[in-house]
>>> print(open('target_39.txt').read())   # compact mmCIF, C-alpha atoms and all ligand atoms
# COMPACT_ATOMS: atom_id res chain seq x y z
CA MET A 1 0.89 -4.87 7.10
CA THR A 2 -2.36 -3.02 6.69
CA ARG A 3 -2.23 0.72 7.23
CA VAL A 4 -5.24 2.74 8.28
CA ALA A 5 -5.93 6.22 6.90
CA LEU A 6 -8.20 8.46 8.96
CA GLN A 7 -10.13 10.91 6.84
CA PRO A 8 -12.17 13.69 8.49
CA SER A 9 -15.33 14.14 6.50
CA ALA A 10 -17.76 16.19 8.57
CA ASN A 11 -17.50 19.54 6.80
CA ALA A 12 -19.77 20.54 3.95
CA LEU A 13 -17.12 20.10 1.26
CA SER A 14 -16.21 16.56 2.39
CA GLN A 15 -19.88 15.63 2.63
CA ALA A 16 -20.38 16.88 -0.91
CA HIS A 17 -17.41 14.80 -2.12
CA LEU A 18 -18.67 11.70 -0.30
CA ALA A 19 -22.06 12.10 -1.93
CA ALA A 20 -20.61 12.83 -5.38
CA THR A 21 -17.89 10.20 -5.78
CA VAL A 22 -18.21 7.60 -3.00
CA ASP A 23 -21.95 7.12 -2.50
CA ARG A 24 -22.33 7.54 -6.23
CA PRO A 25 -19.27 5.70 -7.63
CA VAL A 26 -17.54 7.22 -10.63
CA SER A 27 -17.88 5.40 -13.94
CA ILE A 28 -14.65 4.05 -15.35
CA ASP A 29 -15.61 5.76 -18.64
CA THR A 30 -15.39 9.11 -16.86
CA LEU A 31 -11.92 8.25 -15.53
CA ARG A 32 -10.55 6.79 -18.77
CA PRO A 33 -9.33 10.06 -20.38
CA LEU A 34 -8.13 11.44 -17.03
CA VAL A 35 -5.81 8.76 -15.63
CA GLY A 36 -2.76 6.90 -16.95
CA GLU A 37 -3.01 3.53 -18.66
CA ALA A 38 -1.54 1.55 -15.76
CA ASP A 39 -3.94 3.21 -13.33
CA LEU A 40 -6.86 2.53 -15.61
CA ALA A 41 -5.91 -1.16 -15.85
CA ALA A 42 -5.61 -1.43 -12.06
CA LEU A 43 -8.97 0.28 -11.53
CA ARG A 44 -10.62 -2.02 -14.07
CA LEU A 45 -9.23 -5.10 -12.36
CA ALA A 46 -10.40 -3.97 -8.95
CA HIS A 47 -13.80 -2.74 -10.14
CA PRO A 48 -14.97 -5.11 -12.87
CA ASP A 49 -18.46 -3.57 -12.78
CA GLY A 50 -16.90 -0.28 -13.96
CA LEU A 51 -18.08 1.69 -10.92
CA VAL A 52 -15.34 3.15 -8.77
CA PRO A 53 -15.80 4.91 -5.41
CA VAL A 54 -12.99 7.49 -5.33
CA TRP A 55 -11.56 9.93 -2.85
CA GLY A 56 -8.71 12.43 -2.96
CA THR A 57 -6.74 14.69 -0.72
CA ARG A 58 -5.16 18.06 -1.54
CA PRO A 59 -1.39 18.45 -1.14
CA GLY A 60 -1.99 20.94 1.72
CA GLU A 61 -0.40 24.38 2.34
CA ARG A 62 2.94 22.78 3.20
CA ARG A 63 2.37 19.72 0.97
CA GLN A 64 2.19 17.81 4.24
CA MET A 65 -0.49 15.43 2.90
CA VAL A 66 1.65 14.07 0.07
CA SER A 67 4.08 12.04 2.19
CA ARG A 68 1.15 10.60 4.16
CA TRP A 69 -0.70 9.60 1.01
CA LEU A 70 2.50 8.03 -0.37
CA ARG A 71 2.43 5.50 2.44
CA LEU A 72 -0.89 4.06 1.27
CA ALA A 73 -1.30 1.05 -0.99
CA ALA A 74 -4.05 -1.21 -2.22
CA GLY A 75 -5.27 -3.36 0.66
CA ASP A 76 -4.96 -0.60 3.24
CA VAL A 77 -8.06 0.63 5.03
CA VAL A 78 -9.66 4.08 5.05
CA VAL A 79 -11.88 5.19 7.92
CA PHE A 80 -14.06 8.29 7.54
CA ALA A 81 -14.52 10.33 10.68
CA GLY A 82 -16.22 13.46 11.93
CA SER A 83 -18.19 15.02 14.79
CA GLY A 84 -16.45 12.78 17.31
CA ARG A 85 -17.21 9.45 15.63
CA LEU A 86 -15.84 7.05 13.04
CA SER A 87 -18.65 6.58 10.57
CA ARG A 88 -17.55 4.41 7.65
CA THR A 89 -14.74 2.19 6.51
CA ALA A 90 -13.59 0.68 3.20
CA VAL A 91 -10.60 -1.12 1.72
CA ILE A 92 -8.40 0.91 -0.61
CA THR A 93 -8.27 -0.77 -4.03
CA HIS A 94 -5.80 1.46 -5.87
CA VAL A 95 -3.71 4.56 -5.12
CA PHE A 96 -3.10 7.01 -7.95
CA HIS A 97 -2.15 10.61 -8.66
CA SER A 98 -4.31 12.57 -11.09
CA PRO A 99 -4.74 16.34 -10.96
CA GLU A 100 -6.88 16.00 -14.11
CA ALA A 101 -9.33 13.54 -12.58
CA ALA A 102 -9.49 15.51 -9.32
CA ALA A 103 -10.16 18.81 -11.07
CA HIS A 104 -12.85 17.16 -13.19
CA LEU A 105 -14.59 15.55 -10.21
CA TRP A 106 -14.24 18.19 -7.53
CA GLY A 107 -12.78 21.39 -9.03
CA HIS A 108 -10.29 23.52 -7.10
CA SER A 109 -10.48 25.34 -3.82
CA PRO A 110 -8.20 27.70 -1.87
CA THR A 111 -6.13 26.39 1.07
CA ALA A 112 -5.52 28.36 4.29
CA ASN A 113 -2.82 30.43 2.59
CA GLY A 114 -4.87 31.12 -0.53
CA ASP A 115 -3.24 28.60 -2.92
CA MET A 116 -5.71 27.03 -5.33
CA GLN A 117 -5.43 23.26 -5.03
CA THR A 118 -7.32 20.17 -6.11
CA TRP A 119 -7.73 16.77 -4.42
CA GLU A 120 -5.21 15.15 -6.73
CA TYR A 121 -3.71 12.53 -4.35
CA MET A 122 -6.39 9.96 -4.96
CA PHE A 123 -7.42 6.44 -4.14
CA SER A 124 -10.28 4.13 -5.04
CA MET A 125 -12.00 1.88 -2.54
CA THR A 126 -14.59 -0.84 -2.01
CA THR A 127 -18.13 0.24 -1.14
CA PRO A 128 -17.81 1.62 2.41
CA ILE A 129 -19.65 -0.04 5.27
CA ASP A 130 -21.23 2.01 8.06
CA ILE A 131 -19.71 1.91 11.53
CA ASP A 132 -20.30 3.97 14.66
CA ILE A 133 -17.31 4.24 16.97
CA GLU A 134 -16.69 7.21 19.26
CA TYR A 135 -13.23 8.81 19.14
CA GLY A 136 -12.82 7.96 22.84
CA VAL A 137 -13.22 4.24 22.12
CA MET A 138 -10.75 4.43 19.26
CA ASN A 139 -8.24 6.51 21.26
CA ASP A 140 -8.39 4.04 24.09
CA ALA A 141 -7.95 1.05 21.76
CA ILE A 142 -5.02 2.44 19.83
CA GLY A 143 -3.22 4.21 22.68
CA ARG A 144 -3.86 7.85 21.73
CA ALA A 145 -4.52 10.63 24.24
CA PRO A 146 -8.15 10.40 25.45
CA GLY A 147 -9.21 13.69 23.87
CA ALA A 148 -7.36 13.25 20.56
CA GLN A 149 -9.35 14.43 17.53
CA VAL A 150 -9.23 13.63 13.83
CA ARG A 151 -8.45 17.04 12.32
CA GLU A 152 -6.83 16.18 9.03
CA PHE A 153 -6.04 13.29 6.73
CA THR A 154 -3.66 11.02 8.68
CA VAL A 155 -2.09 7.63 8.06
CA LEU A 156 -1.69 5.85 11.38
CA PRO A 157 1.68 4.30 12.27
CA GLU A 158 1.94 0.52 12.30
CA GLY A 159 1.06 -0.09 15.96
CA GLU A 160 -1.99 2.17 15.83
CA SER A 161 -3.09 0.75 12.47
CA ASN A 162 -2.94 -2.80 13.79
CA ALA A 163 -4.85 -1.82 16.91
CA LEU A 164 -7.58 -0.06 14.94
CA VAL A 165 -7.96 -3.00 12.53
CA ALA A 166 -8.25 -5.26 15.59
CA LEU A 167 -10.93 -2.96 17.02
CA LEU A 168 -12.88 -3.02 13.74
CA GLU A 169 -12.59 -6.80 13.66
CA SER A 170 -13.76 -7.13 17.24
CA LEU A 171 -16.84 -5.12 16.28
CA GLU A 172 -17.23 -7.27 13.18
CA ALA A 173 -16.86 -4.10 11.18
CA ALA A 174 -13.63 -4.89 9.40
CA PRO A 175 -14.21 -4.35 5.71
CA HIS A 176 -12.22 -7.51 4.84
CA ARG A 177 -13.97 -9.75 7.29
CA ILE A 178 -16.15 -12.67 6.33
CA ASN A 179 -18.57 -13.45 9.13
CA SER A 180 -20.37 -16.60 8.11
CA PRO A 181 -20.02 -19.69 5.93
CA GLU A 182 -22.75 -18.18 3.71
CA GLU A 183 -20.71 -15.02 3.11
CA TYR A 184 -17.68 -17.15 2.40
CA SER A 185 -19.55 -19.29 -0.15
CA GLU A 186 -20.89 -16.16 -1.75
CA LEU A 187 -17.43 -14.69 -2.07
CA VAL A 188 -15.76 -17.72 -3.60
CA ALA A 189 -18.71 -18.26 -5.93
CA THR A 190 -18.51 -14.73 -7.35
CA PRO A 191 -17.44 -15.19 -11.00
CA ALA A 192 -15.51 -11.91 -10.84
CA PHE A 193 -13.44 -13.26 -7.98
CA GLU A 194 -12.08 -16.13 -10.00
CA GLN A 195 -11.68 -14.10 -13.13
CA LEU A 196 -9.84 -11.34 -11.25
CA GLU A 197 -7.62 -13.89 -9.62
CA GLN A 198 -6.73 -15.43 -12.97
CA GLU A 199 -6.03 -12.07 -14.56
CA VAL A 200 -3.88 -10.93 -11.68
CA VAL A 201 -2.01 -14.22 -11.54
CA SER A 202 -1.28 -14.21 -15.24
CA LEU A 203 -0.21 -10.56 -15.29
CA ARG A 204 2.02 -11.07 -12.26
CA ARG A 205 3.47 -14.23 -13.75
CA ALA A 206 4.35 -12.44 -16.97
CA GLU A 207 5.94 -9.55 -15.12
CA GLN A 208 7.77 -11.84 -12.71
CA GLY A 209 9.04 -14.02 -15.56
CA TYR A 210 10.43 -11.06 -17.42
CA LEU A 211 12.12 -9.51 -14.39
CA ARG A 212 13.57 -12.80 -13.28
CA LYS A 213 14.98 -13.52 -16.69
CA LEU A 214 16.64 -10.14 -16.61
CA LEU A 215 18.17 -10.81 -13.20
CA VAL A 216 18.96 -14.52 -13.74
CA PRO A 217 19.91 -15.01 -17.36
CA GLY A 218 21.07 -18.61 -16.75
CA PRO A 219 19.85 -21.59 -14.72
CA PHE A 220 21.37 -20.31 -11.47
CA GLY A 221 21.43 -17.02 -9.63
CA ARG A 222 22.56 -15.53 -6.37
CA CYS A 223 20.21 -14.20 -3.70
CA SER A 224 20.85 -10.45 -3.28
CA LEU A 225 20.46 -10.76 0.47
CA CYS A 226 22.04 -13.99 1.73
CA ARG A 227 24.36 -14.36 -1.31
CA ARG A 228 23.69 -18.07 -1.65
CA THR A 229 23.37 -19.53 -5.13
CA PHE A 230 20.12 -21.23 -6.09
CA SER A 231 18.48 -22.75 -9.12
CA SER A 232 16.48 -19.93 -10.73
CA GLU A 233 13.16 -21.56 -9.80
CA PHE A 234 13.93 -20.82 -6.15
CA LEU A 235 14.60 -17.14 -6.75
CA VAL A 236 12.08 -14.33 -7.13
CA ALA A 237 12.47 -10.84 -8.54
CA ALA A 238 11.42 -8.75 -5.55
CA HIS A 239 10.42 -5.09 -5.77
CA ILE A 240 12.46 -3.14 -3.24
CA LYS A 241 9.84 -0.41 -3.05
CA ARG A 242 6.42 -2.03 -2.91
CA ARG A 243 5.20 -2.54 -6.44
CA SER A 244 1.83 -0.99 -5.66
CA GLN A 245 3.59 2.22 -4.59
CA CYS A 246 5.83 2.53 -7.65
CA SER A 247 5.12 5.05 -10.37
CA ALA A 248 4.99 3.73 -13.93
CA GLU A 249 8.49 5.09 -14.43
CA GLU A 250 9.82 3.34 -11.33
CA LYS A 251 8.32 0.02 -12.43
CA LEU A 252 10.38 0.33 -15.61
CA ASP A 253 13.60 1.00 -13.69
CA PHE A 254 14.33 -2.76 -13.88
CA THR A 255 17.87 -3.01 -12.62
CA ASN A 256 17.29 -0.73 -9.66
CA ILE A 257 13.75 -1.44 -8.54
CA ALA A 258 14.06 -5.22 -8.36
CA MET A 259 16.53 -7.59 -6.77
CA LEU A 260 16.75 -11.35 -6.52
CA ASN A 261 15.57 -12.94 -3.31
CA CYS A 262 15.65 -16.59 -2.39
CA ARG A 263 12.41 -18.25 -1.41
CA PHE A 264 14.16 -19.85 1.55
CA GLY A 265 13.75 -16.92 3.87
CA CYS A 266 15.08 -13.72 2.37
CA ASP A 267 11.99 -12.88 0.29
CA GLU A 268 9.75 -13.21 3.33
CA LEU A 269 12.08 -11.31 5.68
CA PHE A 270 12.59 -8.34 3.35
CA GLY A 271 9.01 -8.27 2.06
CA ARG A 272 7.61 -8.17 5.56
CA GLY A 273 10.05 -5.55 6.80
CA PHE A 274 12.09 -7.65 9.22
CA VAL A 275 15.21 -6.83 7.22
CA GLY A 276 16.08 -3.53 5.54
CA VAL A 277 19.11 -1.86 4.02
CA GLY A 278 20.50 1.25 5.72
CA PRO A 279 21.93 4.46 4.19
CA ASP A 280 25.43 2.87 4.20
CA GLY A 281 24.28 -0.36 2.56
CA ALA A 282 24.42 -2.39 5.78
CA PHE A 283 21.52 -4.71 6.64
CA HIS A 284 19.24 -3.50 9.40
CA ILE A 285 17.55 -6.21 11.43
CA SER A 286 14.24 -5.39 13.08
CA THR A 287 14.03 -5.82 16.84
CA GLN A 288 10.55 -7.23 16.14
CA LEU A 289 12.01 -10.33 14.49
CA PRO A 290 10.89 -13.29 16.60
CA GLY A 291 13.62 -15.41 18.20
CA GLY A 292 14.25 -19.04 17.29
CA PRO A 293 14.94 -20.28 13.77
CA SER A 294 14.11 -16.97 12.02
CA SER A 295 16.57 -15.14 14.22
CA ALA A 296 19.22 -17.85 13.73
CA TYR A 297 18.76 -17.53 9.95
CA VAL A 298 19.35 -13.78 10.09
CA ASP A 299 22.40 -14.21 12.34
CA GLU A 300 23.89 -16.75 9.99
CA TYR A 301 23.28 -15.05 6.65
CA LEU A 302 22.53 -11.35 7.09
CA ARG A 303 23.53 -9.73 10.36
CA GLY A 304 26.65 -7.58 10.01
CA ALA A 305 26.74 -7.90 6.21
CA THR A 306 26.27 -5.29 3.50
CA SER A 307 23.98 -5.45 0.47
CA GLU A 308 25.87 -6.11 -2.73
CA HIS A 309 22.93 -5.00 -4.87
CA TRP A 310 22.88 -1.66 -3.03
CA SER A 311 26.65 -1.23 -3.54
CA LYS A 312 26.59 -2.09 -7.24
CA ASN A 313 23.44 -0.17 -8.16
CA PRO A 314 23.50 3.41 -6.86
CA GLY A 315 20.11 3.92 -8.56
CA SER A 316 18.58 1.38 -6.19
CA ARG A 317 19.47 3.33 -3.04
CA ARG A 318 16.43 5.57 -3.01
CA TYR A 319 14.21 2.46 -3.18
CA TYR A 320 16.02 0.87 -0.23
CA ALA A 321 15.61 4.16 1.65
CA HIS A 322 11.89 4.11 0.87
CA HIS A 323 11.58 0.51 2.07
CA LEU A 324 13.46 1.35 5.28
CA ALA A 325 11.24 4.37 5.94
CA THR A 326 7.90 2.74 5.17
CA ASP A 327 8.12 -1.03 5.46
CA PHE A 328 10.91 -1.76 7.92
CA ARG A 329 9.43 -2.74 11.28
CA VAL A 330 10.38 -0.39 14.08
CA SER A 331 9.16 -0.88 17.63
CA PRO A 332 6.03 1.12 18.47
CA GLY A 333 7.16 4.49 19.83
CA ALA A 334 10.73 4.07 18.56
ZN ZN B 401 18.55 -15.45 0.44
>>> encode(input="target_39.txt", output="structure tokens")
Amino acid sequence: MTRVALQPSANALSQAHLAATVDRPVSIDTLRPLVGEADLAALRLAHPDGLVPVWGTRPGERRQMVSRWLRLAAGDVVVFAGSGRLSRTAVITHVFHSPEAAAHLWGHSPTANGDMQTWEYMFSMTTPIDIDIEYGVMNDAIGRAPGAQVREFTVLPEGESNALVALLESLEAAPHRINSPEEYSELVATPAFEQLEQEVVSLRRAEQGYLRKLLVPGPFGRCSLCRRTFSSEFLVAAHIKRRSQCSAEEKLDFTNIAMLNCRFGCDELFGRGFVGVGPDGAFHISTQLPGGPSSAYVDEYLRGATSEHWSKNPGSRRYYAHHLATDFRVSPGA
């Protein structure tokens, strides 16, 4: 799913930041000494021209912004707002934490209770496109109270995110959208597109190969979810917590961060949040799972069962909890 972050940006400080690091993207050379190696590699891949529009949020007086920021990942959408209107939107290309980069780009400033903080919870994005949508139109479209404002950095819940993306698409303002055959031809003809794709595919393949070998040393392995045995080619090493949200340390936590999923249903169901693992190890099944064959599959292989991987690997439990809290599909309003 795509999440949408709303970012108020009308005050003088936000305007200054927009001008300094979004309108004028930051050179990757500036970021190099300030961010970790993995972050640098991700930024390079996403911004092959070496110019990176970046934004950051402060932790906040009660560190309330951190848990919101943690829900974001590459591919999500940011919408800048202020003075009663949504004014710009972009796709988030990488999410990273760097007090050093934030302090270098924007300095520090006191919060309401006098703490000095910097905008260290950062993300990079594509070049924003201009939009002009009144809050009233957004509120109506996403089911918020008519007078609701955008007062602080917020990540919308799934239902509201989907509705806002749909609104942007209906106004042909979605940052991902391709509107004409010409734009499509232009996109696929971009040399960077192909090169990026190849680099990503080969990096992912190498990572996947290593993880899978670790989890399936022989020719066969067992799916962590449905417990059926498959030839290793039909099994994937799946990150329990989304890979893009893992810290470098978490990515190295091989036995706990990844589990084996079969390609015959389980990988799709867990990856898309229709199945999760609860605090007692039991499978949770989303009420949003469509009926028919997908529901029959879950009834046959998963419903009422407990995750063996969860039971055997106590270190994996925090990742399952994270998946349940952020990716598992709950009904809107539940
Ligand atoms: Zn399976």
>>> residues_around(input="target_39.txt", residues="Asp39 in chain A", least_positions_apart="5", cutoff="12 Å", atoms="all atoms listed in the file", output="compact mmCIF listing (two decimals) with C-alpha atoms, in the coordinates of the input")
# COMPACT_ATOMS: atom_id res chain seq x y z
CA ILE A 28 -14.65 4.05 -15.35
CA LEU A 31 -11.92 8.25 -15.53
CA ARG A 32 -10.55 6.79 -18.77
CA PRO A 33 -9.33 10.06 -20.38
CA LEU A 34 -8.13 11.44 -17.03
CA ARG A 44 -10.62 -2.02 -14.07
CA LEU A 45 -9.23 -5.10 -12.36
CA ALA A 46 -10.40 -3.97 -8.95
CA HIS A 47 -13.80 -2.74 -10.14
CA ALA A 74 -4.05 -1.21 -2.22
CA THR A 93 -8.27 -0.77 -4.03
CA HIS A 94 -5.80 1.46 -5.87
CA VAL A 95 -3.71 4.56 -5.12
CA PHE A 96 -3.10 7.01 -7.95
CA HIS A 97 -2.15 10.61 -8.66
CA SER A 98 -4.31 12.57 -11.09
CA ALA A 101 -9.33 13.54 -12.58
CA MET A 122 -6.39 9.96 -4.96
CA PHE A 123 -7.42 6.44 -4.14
CA SER A 124 -10.28 4.13 -5.04
CA SER A 244 1.83 -0.99 -5.66
CA GLN A 245 3.59 2.22 -4.59
CA CYS A 246 5.83 2.53 -7.65
CA SER A 247 5.12 5.05 -10.37
CA ALA A 248 4.99 3.73 -13.93
>>> atom_distance(input="target_39.txt", atom1="CA of Met138 in chain A", atom2="CA of Leu289 in chain A")
27.5 Å
>>> residues_near_ligand(input="target_39.txt", ligand="ligand ZN 401 (chain B)", cutoff="12 Å", atoms="only C-alpha atoms and all ligand atoms", output="PDB file with C-alpha atoms, keeping the file's coordinate frame")
ATOM      1  CA  GLY A 221      21.430 -17.020  -9.630  1.00  0.00           C
ATOM      2  CA  ARG A 222      22.560 -15.530  -6.370  1.00  0.00           C
ATOM      3  CA  CYS A 223      20.210 -14.200  -3.700  1.00  0.00           C
ATOM      4  CA  SER A 224      20.850 -10.450  -3.280  1.00  0.00           C
ATOM      5  CA  LEU A 225      20.460 -10.760   0.470  1.00  0.00           C
ATOM      6  CA  CYS A 226      22.040 -13.990   1.730  1.00  0.00           C
ATOM      7  CA  ARG A 227      24.360 -14.360  -1.310  1.00  0.00           C
ATOM      8  CA  ARG A 228      23.690 -18.070  -1.650  1.00  0.00           C
ATOM      9  CA  THR A 229      23.370 -19.530  -5.130  1.00  0.00           C
ATOM     10  CA  PHE A 230      20.120 -21.230  -6.090  1.00  0.00           C
ATOM     11  CA  PHE A 234      13.930 -20.820  -6.150  1.00  0.00           C
ATOM     12  CA  LEU A 235      14.600 -17.140  -6.750  1.00  0.00           C
ATOM     13  CA  VAL A 236      12.080 -14.330  -7.130  1.00  0.00           C
ATOM     14  CA  ALA A 237      12.470 -10.840  -8.540  1.00  0.00           C
ATOM     15  CA  ALA A 238      11.420  -8.750  -5.550  1.00  0.00           C
ATOM     16  CA  MET A 259      16.530  -7.590  -6.770  1.00  0.00           C
ATOM     17  CA  LEU A 260      16.750 -11.350  -6.520  1.00  0.00           C
ATOM     18  CA  ASN A 261      15.570 -12.940  -3.310  1.00  0.00           C
ATOM     19  CA  CYS A 262      15.650 -16.590  -2.390  1.00  0.00           C
ATOM     20  CA  ARG A 263      12.410 -18.250  -1.410  1.00  0.00           C
ATOM     21  CA  PHE A 264      14.160 -19.850   1.550  1.00  0.00           C
ATOM     22  CA  GLY A 265      13.750 -16.920   3.870  1.00  0.00           C
ATOM     23  CA  CYS A 266      15.080 -13.720   2.370  1.00  0.00           C
ATOM     24  CA  ASP A 267      11.990 -12.880   0.290  1.00  0.00           C
ATOM     25  CA  GLU A 268       9.750 -13.210   3.330  1.00  0.00           C
ATOM     26  CA  LEU A 269      12.080 -11.310   5.680  1.00  0.00           C
ATOM     27  CA  PHE A 270      12.590  -8.340   3.350  1.00  0.00           C
ATOM     28  CA  VAL A 275      15.210  -6.830   7.220  1.00  0.00           C
ATOM     29  CA  TYR A 297      18.760 -17.530   9.950  1.00  0.00           C
ATOM     30  CA  VAL A 298      19.350 -13.780  10.090  1.00  0.00           C
ATOM     31  CA  GLU A 300      23.890 -16.750   9.990  1.00  0.00           C
ATOM     32  CA  TYR A 301      23.280 -15.050   6.650  1.00  0.00           C
ATOM     33  CA  LEU A 302      22.530 -11.350   7.090  1.00  0.00           C
ATOM     34  CA  SER A 307      23.980  -5.450   0.470  1.00  0.00           C
TER      35      SER A 307
END
>>> axis_aligned_box(input="target_39.txt", around="range 262-267 of chain A", padding_each_side="6 Å", output="JSON")
{"center_x": 13.8, "center_y": -16.4, "center_z": 0.7, "size_x": 15.7, "size_y": 19.0, "size_z": 18.3}
>>> closest_residue(input="target_39.txt", among="A:Gly60, A:Leu196, A:Thr111, A:Thr154", to="Leu43 in chain A", atoms="all atoms listed in the file")
A:Leu196
>>> atom_distance(input="target_39.txt", atom1="CA of Val91 in chain A", atom2="CA of Ala42 in chain A")
14.7 Å
>>> residues_around(input="target_39.txt", residues="Thr21 in chain A", least_positions_apart="4", cutoff="6 Å", atoms="all atoms listed in the file", output="PDB file with C-alpha atoms, in the frame of the given file")
ATOM      1  CA  HIS A  17     -17.410  14.800  -2.120  1.00  0.00           C
ATOM      2  CA  PRO A  25     -19.270   5.700  -7.630  1.00  0.00           C
ATOM      3  CA  VAL A  26     -17.540   7.220 -10.630  1.00  0.00           C
ATOM      4  CA  PRO A  53     -15.800   4.910  -5.410  1.00  0.00           C
ATOM      5  CA  VAL A  54     -12.990   7.490  -5.330  1.00  0.00           C
TER       6      VAL A  54
END
>>> residues_around(input="target_39.txt", residues="Arg85 in chain A", least_positions_apart="3", cutoff="9 Å", atoms="only C-alpha atoms", output="list in words")
Phe80, Ala81, Gly82, Ile131, Asp132, Ile133, Glu134, Tyr135, Gly136 and Met138 of chain A
>>> atom_distance(input="target_39.txt", atom1="CA of Pro279 in chain A", atom2="CA of Tyr320 in chain A")
8.2 Å
>>> residues_near_point(input="target_39.txt", point="(-1.3, 3.9, 12.1)", cutoff="9 Å", atoms="all atoms listed in the file", output="mmCIF file with C-alpha atoms, in the coordinates of the input")
data_model
loop_
_atom_site.group_PDB
_atom_site.id
_atom_site.type_symbol
_atom_site.label_atom_id
_atom_site.label_comp_id
_atom_site.auth_asym_id
_atom_site.auth_seq_id
_atom_site.Cartn_x
_atom_site.Cartn_y
_atom_site.Cartn_z
ATOM 1 C CA THR A 2 -2.360 -3.020 6.690
ATOM 2 C CA ARG A 3 -2.230 0.720 7.230
ATOM 3 C CA VAL A 4 -5.240 2.740 8.280
ATOM 4 C CA ALA A 5 -5.930 6.220 6.900
ATOM 5 C CA LEU A 6 -8.200 8.460 8.960
ATOM 6 C CA ILE A 142 -5.020 2.440 19.830
ATOM 7 C CA THR A 154 -3.660 11.020 8.680
ATOM 8 C CA VAL A 155 -2.090 7.630 8.060
ATOM 9 C CA LEU A 156 -1.690 5.850 11.380
ATOM 10 C CA PRO A 157 1.680 4.300 12.270
ATOM 11 C CA GLU A 158 1.940 0.520 12.300
ATOM 12 C CA GLY A 159 1.060 -0.090 15.960
ATOM 13 C CA GLU A 160 -1.990 2.170 15.830
ATOM 14 C CA SER A 161 -3.090 0.750 12.470
ATOM 15 C CA ASN A 162 -2.940 -2.800 13.790
ATOM 16 C CA ALA A 163 -4.850 -1.820 16.910
ATOM 17 C CA LEU A 164 -7.580 -0.060 14.940
#
>>> residues_near_point(input="target_39.txt", point="(-8.2, 16.1, -11.7)", cutoff="10 Å", atoms="only C-alpha atoms", output="list in words")
Leu31, Leu34, Val35, Gly56, His97, Ser98, Pro99, Glu100, Ala101, Ala102, Ala103, His104, Leu105, Trp106, Gly107, His108, Thr118, Trp119, Glu120, Tyr121 and Met122 of chain A
>>> closest_residue(input="target_39.txt", among="A:Leu214, A:Arg62, A:Glu249, A:Pro8", to="Ser232 in chain A", atoms="all atoms listed in the file")
A:Leu214
>>> closest_residue(input="target_39.txt", among="A:Ala258, A:Leu167, A:Val277, A:Ala189", to="Gln208 in chain A", atoms="only C-alpha atoms")
A:Ala258
>>> closest_residue(input="target_39.txt", among="A:Gln149, A:Ser27, A:Thr287, A:Ser9", to="Pro48 in chain A", atoms="all atoms listed in the file")
A:Ser27
